[in-house]
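Student: Pasting protein11.cif below, which is mmCIF, C-alpha atoms.
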```cif
data_input
#
loop_
_atom_site.label_atom_id
_atom_site.label_comp_id
_atom_site.auth_asym_id
_atom_site.auth_seq_id
_atom_site.Cartn_x
_atom_site.Cartn_y
_atom_site.Cartn_z
CA MET A 1 5.11 28.57 27.45
CA PRO A 2 2.21 27.32 25.38
CA PRO A 3 1.90 28.61 21.84
CA ARG A 4 -0.26 31.71 21.60
CA ASP A 5 -2.39 32.55 18.63
CA PRO A 6 -3.26 36.26 18.65
CA SER A 7 -6.59 35.53 16.96
CA GLN A 8 -7.54 33.19 19.78
CA PRO A 9 -8.43 35.01 22.99
CA ALA A 10 -8.68 31.68 24.78
CA SER A 11 -5.06 30.76 23.99
CA ARG A 12 -6.18 27.76 22.02
CA THR A 13 -4.88 26.60 18.68
CA ALA A 14 -7.08 27.99 15.91
CA PRO A 15 -7.96 25.91 12.84
CA LEU A 16 -5.55 26.00 9.90
CA PRO A 17 -6.61 28.47 7.19
CA ASP A 18 -7.00 25.66 4.64
CA GLU A 19 -7.84 22.97 7.14
CA GLU A 20 -10.56 21.20 5.15
CA ALA A 21 -8.26 20.76 2.18
CA VAL A 22 -5.43 19.48 4.38
CA ILE A 23 -7.79 17.03 6.08
CA ALA A 24 -9.00 15.78 2.69
CA ARG A 25 -5.42 15.16 1.57
CA ALA A 26 -4.58 13.43 4.84
CA ALA A 27 -7.70 11.27 4.54
CA SER A 28 -6.60 10.13 1.11
CA GLY A 29 -3.27 8.92 2.50
CA ASP A 30 -1.05 12.00 2.19
CA ARG A 31 1.34 11.55 5.10
CA ALA A 32 2.75 15.08 4.78
CA ALA A 33 -0.75 16.53 5.15
CA PHE A 34 -1.43 14.39 8.21
CA THR A 35 1.86 15.50 9.74
CA GLN A 36 0.92 19.13 9.11
CA LEU A 37 -2.38 18.66 10.96
CA ILE A 38 -0.85 16.88 13.92
CA GLU A 39 2.04 19.31 14.18
CA HIS A 40 -0.49 22.12 14.33
CA TYR A 41 -2.61 20.52 17.06
CA GLN A 42 0.04 18.71 19.08
CA SER A 43 -0.02 21.33 21.84
CA ALA A 44 -3.79 20.95 22.19
CA CYS A 45 -3.48 17.17 22.48
CA TYR A 46 -0.51 17.29 24.80
CA GLY A 47 -2.21 19.88 27.01
CA LEU A 48 -5.29 17.72 27.42
CA ALA A 49 -3.23 14.60 28.11
CA TRP A 50 -1.06 16.45 30.65
CA ARG A 51 -4.12 17.78 32.48
CA LEU A 52 -5.63 14.31 32.61
CA LEU A 53 -2.48 12.40 33.50
CA GLY A 54 -0.34 14.97 35.31
CA ASP A 55 2.88 13.43 34.07
CA PRO A 56 4.88 14.85 31.15
CA ASP A 57 6.11 11.49 29.87
CA GLN A 58 2.73 9.82 30.15
CA ALA A 59 1.14 12.81 28.48
CA ALA A 60 3.59 12.58 25.58
CA ASP A 61 2.89 8.85 25.28
CA ALA A 62 -0.85 9.45 25.30
CA ALA A 63 -0.57 12.14 22.63
CA GLN A 64 1.50 9.86 20.41
CA ASP A 65 -0.98 7.01 20.92
CA ALA A 66 -3.71 9.40 19.90
CA PHE A 67 -1.83 10.36 16.74
CA VAL A 68 -1.59 6.70 15.74
CA HIS A 69 -5.32 6.20 16.34
CA ALA A 70 -6.07 9.37 14.39
CA TYR A 71 -3.91 8.18 11.49
CA ASP A 72 -5.86 4.93 11.38
CA ALA A 73 -9.21 6.70 11.62
CA ILE A 74 -8.81 9.83 9.53
CA ALA A 75 -10.23 8.19 6.41
CA LYS A 76 -13.47 7.84 8.39
CA TYR A 77 -13.46 11.45 9.64
CA ARG A 78 -16.83 12.99 8.80
CA GLY A 79 -16.57 16.72 9.30
CA GLY A 80 -17.08 18.81 12.41
CA LEU A 81 -14.30 20.54 14.28
CA PHE A 82 -11.10 18.62 13.65
CA ARG A 83 -9.66 19.86 16.94
CA SER A 84 -12.61 18.39 18.84
CA TRP A 85 -12.34 15.10 16.95
CA LEU A 86 -8.64 14.86 17.74
CA LEU A 87 -9.19 15.80 21.39
CA ARG A 88 -11.79 13.05 21.81
CA ILE A 89 -9.24 10.56 20.51
CA THR A 90 -6.62 12.02 22.87
CA ALA A 91 -9.03 11.76 25.80
CA ASN A 92 -9.59 8.08 25.05
CA ALA A 93 -5.86 7.41 24.71
CA SER A 94 -5.17 9.26 27.97
CA TYR A 95 -7.91 7.40 29.79
CA ASP A 96 -6.48 4.08 28.57
CA ILE A 97 -3.15 5.03 30.15
CA LEU A 98 -4.93 6.24 33.29
CA ARG A 99 -6.73 2.92 33.60
CA ARG A 100 -3.49 0.99 33.27
CA ALA A 101 -1.85 3.23 35.88
CA GLN A 102 -4.78 2.78 38.26
CA ARG A 103 -3.13 -0.31 39.63
CA LYS A 104 -1.35 2.21 41.81
CA PRO A 105 -3.29 3.16 44.99
CA THR A 106 -3.07 6.94 44.50
CA THR A 107 -6.21 8.92 43.77
CA THR A 108 -4.68 12.38 43.52
CA LEU A 109 -1.67 13.60 41.65
CA PRO A 110 1.45 14.75 43.43
CA ASP A 111 1.60 18.44 44.16
CA ALA A 112 2.84 20.94 41.67
CA GLU A 113 6.12 19.83 40.25
CA GLU A 114 8.48 20.99 37.57
CA GLY A 115 7.35 22.77 34.43
CA GLU A 116 3.96 24.29 33.88
CA ALA A 117 2.62 23.44 37.31
CA GLU A 118 5.18 25.51 39.12
CA LEU A 119 3.43 28.25 41.06
CA PRO A 120 4.47 31.84 40.57
CA ASP A 121 5.99 33.96 43.28
CA ARG A 122 3.01 35.94 44.51
CA SER A 123 5.13 38.91 45.47
CA ALA A 124 6.23 39.29 41.85
CA THR A 125 2.77 39.84 40.44
CA ASP A 126 2.97 41.66 37.15
CA PRO A 127 0.47 44.50 36.89
CA GLU A 128 -0.23 43.75 33.25
CA ALA A 129 -3.30 41.73 32.45
CA GLU A 130 -1.44 39.09 30.42
CA ALA A 131 0.81 38.30 33.33
CA GLY A 132 -2.24 38.02 35.57
CA ARG A 133 -3.82 35.62 33.17
CA SER A 134 -0.87 33.28 33.05
CA GLU A 135 -0.69 33.34 36.85
CA LEU A 136 -4.36 32.42 36.97
CA TYR A 137 -3.75 29.56 34.53
CA ARG A 138 -1.00 28.16 36.67
CA TYR A 139 -3.08 28.28 39.81
CA LEU A 140 -5.96 26.68 37.98
CA ASP A 141 -3.81 23.85 36.67
CA ALA A 142 -2.36 23.34 40.13
CA ALA A 143 -5.85 23.21 41.63
CA LEU A 144 -7.02 20.75 38.97
CA ARG A 145 -4.16 18.49 39.92
CA ARG A 146 -5.42 18.39 43.50
CA LEU A 147 -8.85 17.14 42.51
CA PRO A 148 -9.67 13.47 42.98
CA GLU A 149 -8.91 11.74 39.71
CA ASP A 150 -12.49 11.01 38.65
CA GLN A 151 -13.56 14.60 39.28
CA ARG A 152 -10.47 16.01 37.60
CA THR A 153 -11.05 13.93 34.47
CA ALA A 154 -14.68 14.98 34.27
CA VAL A 155 -14.01 18.69 34.88
CA VAL A 156 -11.08 18.80 32.47
CA LEU A 157 -13.06 17.18 29.66
CA CYS A 158 -16.24 19.18 30.27
CA ASP A 159 -15.19 22.60 31.50
CA VAL A 160 -11.70 22.94 30.05
CA TYR A 161 -12.27 21.20 26.71
CA GLY A 162 -15.97 21.75 26.23
CA MET A 163 -17.17 18.17 25.89
CA ASP A 164 -20.79 17.46 26.71
CA TYR A 165 -21.94 14.91 29.27
CA GLY A 166 -22.27 12.17 26.68
CA GLU A 167 -18.77 12.67 25.31
CA VAL A 168 -17.30 12.60 28.82
CA ALA A 169 -19.28 9.45 29.60
CA ASP A 170 -17.92 7.79 26.45
CA ALA A 171 -14.34 8.83 27.13
CA THR A 172 -14.40 7.67 30.74
CA GLU A 173 -16.64 4.64 30.17
CA SER A 174 -18.98 5.89 32.89
CA ALA A 175 -22.73 6.32 33.30
CA LEU A 176 -24.21 9.70 32.45
CA GLY A 177 -25.48 10.33 35.99
CA THR A 178 -22.08 9.47 37.42
CA VAL A 179 -20.41 11.89 35.03
CA LYS A 180 -22.77 14.73 35.93
CA SER A 181 -22.20 14.22 39.62
CA ARG A 182 -18.42 14.16 39.16
CA ILE A 183 -18.47 17.38 37.14
CA HIS A 184 -20.66 19.23 39.63
CA ARG A 185 -18.76 18.04 42.70
CA GLY A 186 -15.50 18.77 40.93
CA ARG A 187 -16.52 22.38 40.25
CA LEU A 188 -17.42 22.88 43.90
CA ARG A 189 -14.16 21.35 45.07
CA LEU A 190 -12.18 23.42 42.59
CA ARG A 191 -13.82 26.57 43.91
CA GLU A 192 -12.64 25.67 47.40
CA LEU A 193 -9.12 25.00 46.15
CA MET A 194 -9.08 28.34 44.34
CA ALA A 195 -10.56 30.29 47.26
CA GLU A 196 -7.24 31.84 48.07
CA HIS A 197 -6.79 33.11 44.51
CA ARG A 198 -10.33 33.89 43.53
CA GLU A 199 -9.51 37.56 43.07
CA LEU A 200 -7.47 36.47 40.05
CA PHE A 201 -10.40 35.28 38.01
CA LEU A 202 -12.81 37.81 39.49
CA ASN A 203 -10.37 40.60 38.49
CA GLU A 204 -9.87 39.00 35.13
CA ARG A 205 -13.56 39.20 34.43
CA ARG A 206 -13.58 42.85 35.34
CA LEU A 207 -10.63 43.48 33.01
CA ASP A 208 -12.38 41.62 30.21
CA ARG A 209 -15.54 43.68 30.55
CA MET B 1 -35.65 40.70 49.51
CA THR B 2 -33.54 37.82 50.80
CA MET B 3 -34.92 34.36 51.31
CA GLN B 4 -33.01 33.43 54.42
CA ASN B 5 -35.69 31.07 55.63
CA THR B 6 -36.02 29.15 52.37
CA PRO B 7 -34.00 25.93 52.33
CA HIS B 8 -31.09 26.34 49.88
CA PRO B 9 -30.84 24.04 46.88
CA ASP B 10 -28.17 21.39 46.91
CA ASP B 11 -24.80 22.86 45.94
CA GLU B 12 -24.39 20.27 43.19
CA LEU B 13 -27.54 21.62 41.61
CA LEU B 14 -26.06 25.11 41.80
CA ALA B 15 -22.89 23.84 40.15
CA ALA B 16 -25.01 22.29 37.41
CA TYR B 17 -26.83 25.58 36.94
CA ALA B 18 -23.54 27.48 36.74
CA GLY B 19 -22.39 25.12 33.98
CA GLY B 20 -25.53 25.65 31.93
CA ASP B 21 -27.04 22.24 32.65
CA ALA B 22 -30.33 22.12 30.73
CA ASP B 23 -32.33 20.50 33.53
CA ALA B 24 -31.09 22.99 36.11
CA LEU B 25 -31.80 25.95 33.84
CA ALA B 26 -35.32 24.67 33.24
CA ASP B 27 -35.98 24.46 36.97
CA GLY B 28 -38.27 27.44 37.61
CA SER B 29 -38.13 27.20 41.38
CA LEU B 30 -34.33 27.21 41.30
CA ALA B 31 -34.25 30.34 39.16
CA ALA B 32 -36.71 31.99 41.51
CA HIS B 33 -34.59 31.07 44.50
CA LEU B 34 -31.40 32.37 42.91
CA SER B 35 -32.95 35.70 42.07
CA GLY B 36 -33.43 36.43 45.74
CA CYS B 37 -30.79 34.47 47.66
CA ASP B 38 -27.67 36.28 48.89
CA ARG B 39 -25.96 33.00 49.59
CA CYS B 40 -26.66 31.04 46.38
CA ARG B 41 -26.52 33.75 43.72
CA PRO B 42 -22.90 34.77 44.45
CA LEU B 43 -21.93 31.12 44.60
CA VAL B 44 -23.39 30.51 41.14
CA ASP B 45 -21.70 33.65 39.80
CA GLU B 46 -18.35 32.59 41.18
CA LEU B 47 -18.71 29.08 39.76
CA SER B 48 -19.59 30.58 36.39
CA LEU B 49 -16.49 32.78 36.42
CA LEU B 50 -14.36 29.83 37.44
CA ARG B 51 -15.78 27.81 34.60
CA GLY B 52 -15.08 30.64 32.18
CA ALA B 53 -11.46 30.72 33.29
CA LEU B 54 -11.16 26.94 32.87
CA ALA B 55 -12.45 27.24 29.31
CA GLU B 56 -9.56 29.59 28.54
CA LEU B 57 -6.75 27.41 29.85
CA PRO B 58 -4.14 27.45 27.11
CA ASP B 59 -2.76 24.61 25.08
CA LEU B 60 0.60 23.37 26.32
CA ALA B 61 3.80 22.80 24.38
CA PRO B 62 4.93 19.16 24.65
CA SER B 63 7.65 18.38 27.14
CA ARG B 64 9.63 16.57 24.46
CA PRO B 65 9.45 16.28 20.67
CA LEU B 66 6.56 14.02 19.74
CA ARG B 67 6.44 11.46 16.97
CA LEU B 68 3.68 13.01 14.89
CA ILE B 69 2.98 10.18 12.49
CA PRO B 70 3.36 6.42 12.82
CA PRO B 71 6.32 4.97 10.92
CA VAL B 72 5.56 3.21 7.64
CA PRO B 73 4.82 -0.39 8.65
CA ALA B 74 7.49 -2.96 7.76
CA ALA B 75 4.83 -4.97 5.94
CA ALA B 76 4.18 -2.06 3.60
CA VAL B 77 7.87 -1.74 2.84
CA ARG B 78 8.08 -5.46 2.13
CA SER B 79 4.99 -5.17 -0.03
CA SER B 80 6.55 -2.44 -2.13
CA TRP B 81 9.71 -4.49 -2.67
CA LEU B 82 7.61 -7.50 -3.51
CA ARG B 83 5.72 -5.44 -6.04
CA ARG B 84 8.94 -4.22 -7.57
CA LEU B 85 10.30 -7.75 -7.87
CA THR B 86 7.23 -9.57 -9.15
CA ALA B 87 5.86 -6.92 -11.49
CA PRO B 88 8.39 -7.57 -14.31
CA ALA B 89 7.83 -11.31 -14.06
CA MET B 90 4.08 -10.89 -14.19
CA ALA B 91 4.36 -8.53 -17.14
CA ALA B 92 6.69 -10.87 -18.99
CA GLY B 93 4.35 -13.79 -18.33
CA ALA B 94 1.36 -11.87 -19.57
CA GLY B 95 3.32 -10.80 -22.66
CA LEU B 96 4.26 -14.38 -23.45
CA VAL B 97 0.67 -15.51 -23.07
CA LEU B 98 -0.41 -12.80 -25.48
CA VAL B 99 2.28 -13.64 -28.01
CA GLY B 100 1.54 -17.32 -27.68
CA ALA B 101 -2.18 -16.83 -28.14
CA VAL B 102 -1.69 -14.62 -31.19
CA GLY B 103 0.81 -17.07 -32.57
CA VAL B 104 -1.47 -20.06 -32.13
CA GLY B 105 -4.34 -18.28 -33.79
CA ALA B 106 -2.31 -16.85 -36.64
CA SER B 107 -0.24 -19.92 -37.41
CA GLY B 108 -3.38 -21.95 -37.71
CA VAL B 109 -4.34 -19.75 -40.65
CA VAL B 110 -0.99 -18.77 -42.10
CA GLY B 111 0.43 -22.23 -41.60
CA GLY B 112 -2.41 -23.64 -43.64
CA LEU B 113 -1.80 -21.18 -46.46
CA LEU B 114 1.93 -21.61 -46.61
CA SER B 115 2.17 -25.36 -46.37
CA ALA B 116 2.12 -26.06 -50.12
CA PRO B 117 4.56 -28.88 -51.09
CA GLY B 118 8.06 -27.71 -52.02
CA GLY B 119 7.60 -24.21 -50.73
CA ALA B 120 10.38 -22.58 -48.83
CA ALA B 121 8.09 -20.78 -46.48
CA PRO B 122 7.03 -23.78 -44.41
CA ALA B 123 10.60 -24.69 -43.70
CA ALA B 124 11.38 -21.17 -42.64
CA GLN B 125 8.30 -21.12 -40.51
CA GLU B 126 9.16 -24.37 -38.83
CA ALA B 127 12.62 -23.14 -38.13
CA ALA B 128 11.23 -19.99 -36.68
CA GLY B 129 8.80 -21.99 -34.62
CA SER B 130 11.46 -24.24 -33.28
CA GLN B 131 13.51 -21.24 -32.36
CA ASP B 132 10.52 -19.84 -30.52
CA ALA B 133 10.26 -22.99 -28.50
CA GLN B 134 13.90 -22.91 -27.57
CA SER B 135 14.04 -19.31 -26.54
CA SER B 136 10.58 -18.72 -25.28
CA ASP B 137 11.83 -17.05 -22.16
CA THR B 138 14.07 -14.56 -23.85
CA ALA B 139 13.23 -10.94 -24.10
CA GLY B 140 13.37 -10.94 -27.85
CA VAL B 141 10.40 -13.22 -28.33
CA PRO B 142 7.58 -10.90 -27.43
CA ALA B 143 9.02 -8.04 -29.45
CA VAL B 144 9.01 -10.01 -32.68
CA GLY B 145 5.90 -11.95 -31.93
CA LEU B 146 3.97 -8.81 -31.32
CA ASP B 147 4.24 -8.10 -35.02
CA GLY B 148 1.23 -10.29 -35.15
CA SER B 149 2.17 -13.43 -37.02
CA PRO B 150 4.94 -15.89 -37.60
CA SER B 151 5.47 -14.57 -41.07
CA ALA B 152 8.36 -15.60 -43.25
CA THR B 153 10.09 -12.35 -42.48
CA SER B 154 9.95 -12.68 -38.77
CA GLY B 155 10.89 -16.32 -39.05
CA ARG B 156 14.00 -15.40 -40.89
CA ASP B 157 15.00 -12.98 -38.31
CA TYR B 158 15.04 -15.71 -35.75
CA GLY B 159 16.64 -18.21 -38.05
CA SER B 160 19.42 -16.02 -39.24
CA SER B 161 20.52 -15.07 -35.80
CA ASP B 162 20.33 -18.33 -33.95
CA ASN B 163 19.79 -21.28 -36.18
CA ASN B 164 23.34 -21.57 -37.52
CA GLY B 165 22.18 -20.84 -41.04
CA SER B 166 20.36 -24.12 -41.40
CA LEU B 167 16.68 -23.96 -42.03
CA GLU B 168 16.46 -27.58 -42.97
CA PRO B 169 16.66 -29.71 -39.88
CA ARG B 170 13.52 -29.91 -37.90
CA SER B 171 14.39 -29.40 -34.33
CA LEU B 172 11.04 -30.55 -33.07
CA SER B 173 11.41 -34.11 -32.13
CA VAL B 174 7.81 -35.11 -32.22
CA SER B 175 7.09 -36.29 -35.70
CA PRO B 176 8.71 -36.08 -39.14
CA ALA B 177 5.79 -34.87 -41.22
CA PRO B 178 4.35 -31.39 -41.15
CA SER B 179 0.67 -31.58 -40.55
CA HIS B 180 -2.29 -29.48 -41.44
CA THR B 181 -4.17 -30.88 -38.54
CA PRO B 182 -5.51 -28.31 -36.14
CA VAL B 183 -4.14 -28.28 -32.65
CA VAL B 184 -7.23 -29.43 -30.91
CA GLY B 185 -10.00 -31.76 -31.76
CA GLY B 186 -9.39 -35.47 -31.97
CA GLY B 187 -11.40 -37.93 -33.99
CA ASP B 188 -13.19 -39.09 -30.89
CA GLY B 189 -14.54 -35.62 -30.29
CA THR B 190 -12.55 -34.97 -27.13
CA GLU B 191 -10.27 -32.02 -26.95
CA HIS B 192 -6.60 -32.64 -26.54
CA VAL B 193 -3.33 -31.20 -27.66
CA SER B 194 -2.24 -32.91 -30.78
CA THR B 195 1.05 -34.76 -30.70
CA THR B 196 1.40 -34.16 -34.36
CA PRO B 197 3.87 -31.38 -35.06
CA SER B 198 2.08 -28.29 -36.29
CA PRO B 199 2.82 -24.60 -36.79
CA GLU B 200 0.85 -23.89 -33.65
CA GLN B 201 2.92 -26.03 -31.31
CA PRO B 202 5.79 -23.61 -30.56
CA TRP B 203 3.32 -20.87 -29.93
CA LEU B 204 1.40 -23.13 -27.62
CA THR B 205 4.59 -23.81 -25.73
CA LEU B 206 5.12 -20.09 -25.51
CA LEU B 207 1.59 -19.59 -24.24
CA ILE B 208 1.96 -22.26 -21.55
CA ALA B 209 5.33 -20.92 -20.45
CA GLY B 210 3.90 -17.42 -20.19
CA ALA B 211 0.92 -18.62 -18.21
CA GLY B 212 3.26 -20.47 -15.88
CA LEU B 213 5.47 -17.44 -15.34
CA PHE B 214 2.49 -15.22 -14.71
CA GLY B 215 0.92 -17.75 -12.36
CA ILE B 216 4.06 -18.29 -10.31
CA SER B 217 4.80 -14.58 -9.89
CA THR B 218 1.18 -13.85 -8.99
CA ALA B 219 1.13 -16.64 -6.44
CA LEU B 220 4.38 -15.38 -4.95
CA ARG B 221 2.99 -11.90 -4.54
CA LEU B 222 -0.26 -13.08 -3.01
CA SER B 223 1.38 -15.46 -0.59
CA LEU B 224 3.96 -12.97 0.69
CA SER B 225 2.01 -9.75 0.71
CA PRO B 226 0.52 -8.60 4.06
CA ARG B 227 -3.07 -9.39 4.80
CA ALA B 228 -5.48 -6.50 4.55
CA GLY B 229 -6.88 -5.07 7.73
#
```
What does the file become when written as C-alpha cells?
Tutor:
Amino acid sequence: MPPRDPSQPASRTAPLPDEEAVIARAASGDRAAFTQLIEHYQSACYGLAWRLLGDPDQAADAAQDAFVHAYDAIAKYRGGLFRSWLLRITANASYDILRRAQRKPTTTLPDAEEGEAELPDRSATDPEAEAGRSELYRYLDAALRRLPEDQRTAVVLCDVYGMDYGEVADATESALGTVKSRIHRGRLRLRELMAEHRELFLNERRLDR
Amino acid sequence: MTMQNTPHPDDELLAAYAGGDADALADGSLAAHLSGCDRCRPLVDELSLLRGALAELPDLAPSRPLRLIPPVPAAAVRSSWLRRLTAPAMAAGAGLVLVGAVGVGASGVVGGLLSAPGGAAPAAQEAAGSQDAQSSDTAGVPAVGLDGSPSATSGRDYGSSDNNGSLEPRSLSVSPAPSHTPVVGGGDGTEHVSTTPSPEQPWLTLLIAGAGLFGISTALRLSLSPRAG
C-alpha cells in the first residue's frame, strides 16, 4: 500500500516540516540531507514513473535516474514546490526510458498484472469510505494503463500530477496543441473505460460533500 | 429548457472545459450551451469528477528498495587520496622556500656583520650553512630556520649534532675564501647567482629545493586530479 499521510487528503506525500532548510543543506553538498529529501519523496517519484511506464522495474530505474539528475541539479534549485520540481525530473527520466522502449511495437500496456494494478473482488466491497477510495484508485490505475501511451502520458502528467500544458509539452517533447488534444481525448477515453465503475467516483463525491 | 436542436460542441472541447482550460472557460457560447444542455452538462460534470479522482491518486511505495543517492564518484575518492598524499609535500616545499628566502635575506645582513677577520662566528655560520645544504630536505631544517636567522646559536645546534665536532673544514667545495659579495649582481650588470661562496648560498639551495618540491607535488596533483565538470 502507498504511504498515507493523515494531513494529506489526497494521499500524497506532504512537504517535510523543515523542508527549506533540508534543501539548503542538500544544495550545499550535504549528502545526508539529500538522502532525507529523496527518501521522503521516493514514493511520489516511483508512483509517477510506474503510472507512465507500467513496469515496476522500469519505474524503479526511472526513479533512480531521476535521483541522480536531481543530485546533479539541486545546487541550481530555485524555490517553488520541491515535490513538483522532483516530479518534473522524474517525468523526464521516465519519458527517456519510454522513448528507448518505443522500439517495441506496443502502444498500450499489458492488462492489470501483479501488485497495485490488481483489481479488487467486486463482491467484497467494503462499506467504509476508505475501502471505496482504494478500490476507485485501483480501477483508475487499471483504466489509465489501457489508454494509448501518448494519451496516458499526457493525462497522468496533467490530471494526476497537476502539470500545466507547457510542462507536459516539455516533458514529452511535444507541441502544445498536440499535448492539449492528447489530454482531452485521453479524458474522454478514460471516462469510457471507467463507465462500469463510475458510481465509485460519483459516490465518492457525495461522501466528500 | 433543453437545447436539443442546437448542435453540441465537440467532446474534446467539453473535456477541455471540464479540466479548466482557459480558452474553453472563456468561450461564452459554450457556457451558454452547457447551462441548458441535458447531454453536455452531465458529461462535463462526470469528466470533472473523474479528473478530481485522478488528482487524488496516491503515491506508490517502490517495488524494491531504491538507491536514493548516487555513489561517490571514483574520481572524487582518488582526488581525496591525492590530496592526502601531496598536501604534506606541498607544505614542506612551501616551508623550505620560506626558510630559504628568510635565510638568504638575513644572511646577507648578518653575514656581513659577522665576517670580521679572526672571528669565530663566521666559521660557525659557514658550518651551519654547509649543514643546511646537506640536510635541506630533513624535517629539522624548517624548525630551526624559522627562528629567523642563521645566528651563531642556531648554527651551533646544527654543527654540534651533525658536523662531527669540527667547525673548521669548509664543506662547500666552491671556493676557499669567504666573500662579502652579494649573491646577485655581477660587474657587467646582469643578474646571476654568484659562484663565490657566500653565507647566502646554502639558503639559496634550500630555497631552490623547496620550490622544486612544491612545484613537483603541485604538478602531480594537477595532472592526476579529475577535470571539473
Student: Find the residue from A:Ile74, A:Glu20, A:Gln102, A:Leu86 that sits nearest to Ser43 in chain A; use all atoms listed in the file when measuring.
Tutor: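 Going through A:Ile74, A:Glu20, A:Gln102, A:Leu86 one by one, the smallest distance to Ser43 in chain A is for A:Leu86.
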Student: Using all atoms of range 147-151 of chain A listed in the file and a margin of 5 Å per side, can you give the axis-aligned box centre and edge lengths in Å to one decimal, as lines of an AutoDock Vina configuration file?
Tutor:
```
center_x = -11.2
center_y = 14.1
center_z = 40.8
size_x = 14.7
size_y = 16.1
size_z = 14.3
```
Student: When the cut-off is 10 Å and we count all atoms listed in the file, which residues of chain B are near chain A, given as a ChimeraX atom specification?
Tutor: /B:11-19,21,43,45-72
Student: Just give me the gap between CA of Glu135 in chain A and CA of Asn203 in chain A in Å, one decimal is fine.
Tutor: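 Distance reported for this atom pair: 12.2 Å.
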Student: In Å to one decimal, how far is CA of Arg146 in chain A from CA of His197 in chain A?
Tutor: 14.8 Å
Student: Please compute the CA of Ala195 in chain A-CA of Asp38 in chain B distance, one decimal, in Å.
Tutor: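 Separating CA of Ala195 in chain A from CA of Asp38 in chain B is a distance of 18.2 Å.
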Student: At a cut-off of 6 Å, using only C-alpha atoms, what residues contact Glu200 in chain B? Leave out same-chain residues fewer than 3 positions from it and give the result as a ChimeraX atom specification.
Tutor: /B:104,107,203
Student: When the PyMOL selection byres ((chain A and resi 169) around 12) is applied to the structure above, which residues does it catch, written out as an MDAnalysis selection string?
Tutor: chainID A and resid 88 91:92 95 150 153:155 157:158 163:168 170:183
Student: Pick the closest to Ser84 in chain A from A:Ala14, A:Arg189, A:Arg152, A:Arg25: which is it, counting only C-alpha atoms?
Tutor: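 Between A:Ala14, A:Arg189, A:Arg152, A:Arg25, the residue approaching Ser84 in chain A most closely is A:Ala14.
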Student: From the options A:Gly80, A:Trp85, A:Asp30, A:His40, which residue's atoms come nearest to Pro17 in chain A, counting all atoms listed in the file?
Tutor: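 For Pro17 in chain A, the nearest of the candidates is A:His40.
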Student: Which residue out of A:Ile89, A:Leu193, A:Ile97, A:Ala75 has the minimum interatomic distance to Tyr139 in chain A when only C-alpha atoms are used?
Tutor: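 Answer, going by the shortest atom-to-atom distance: A:Leu193.
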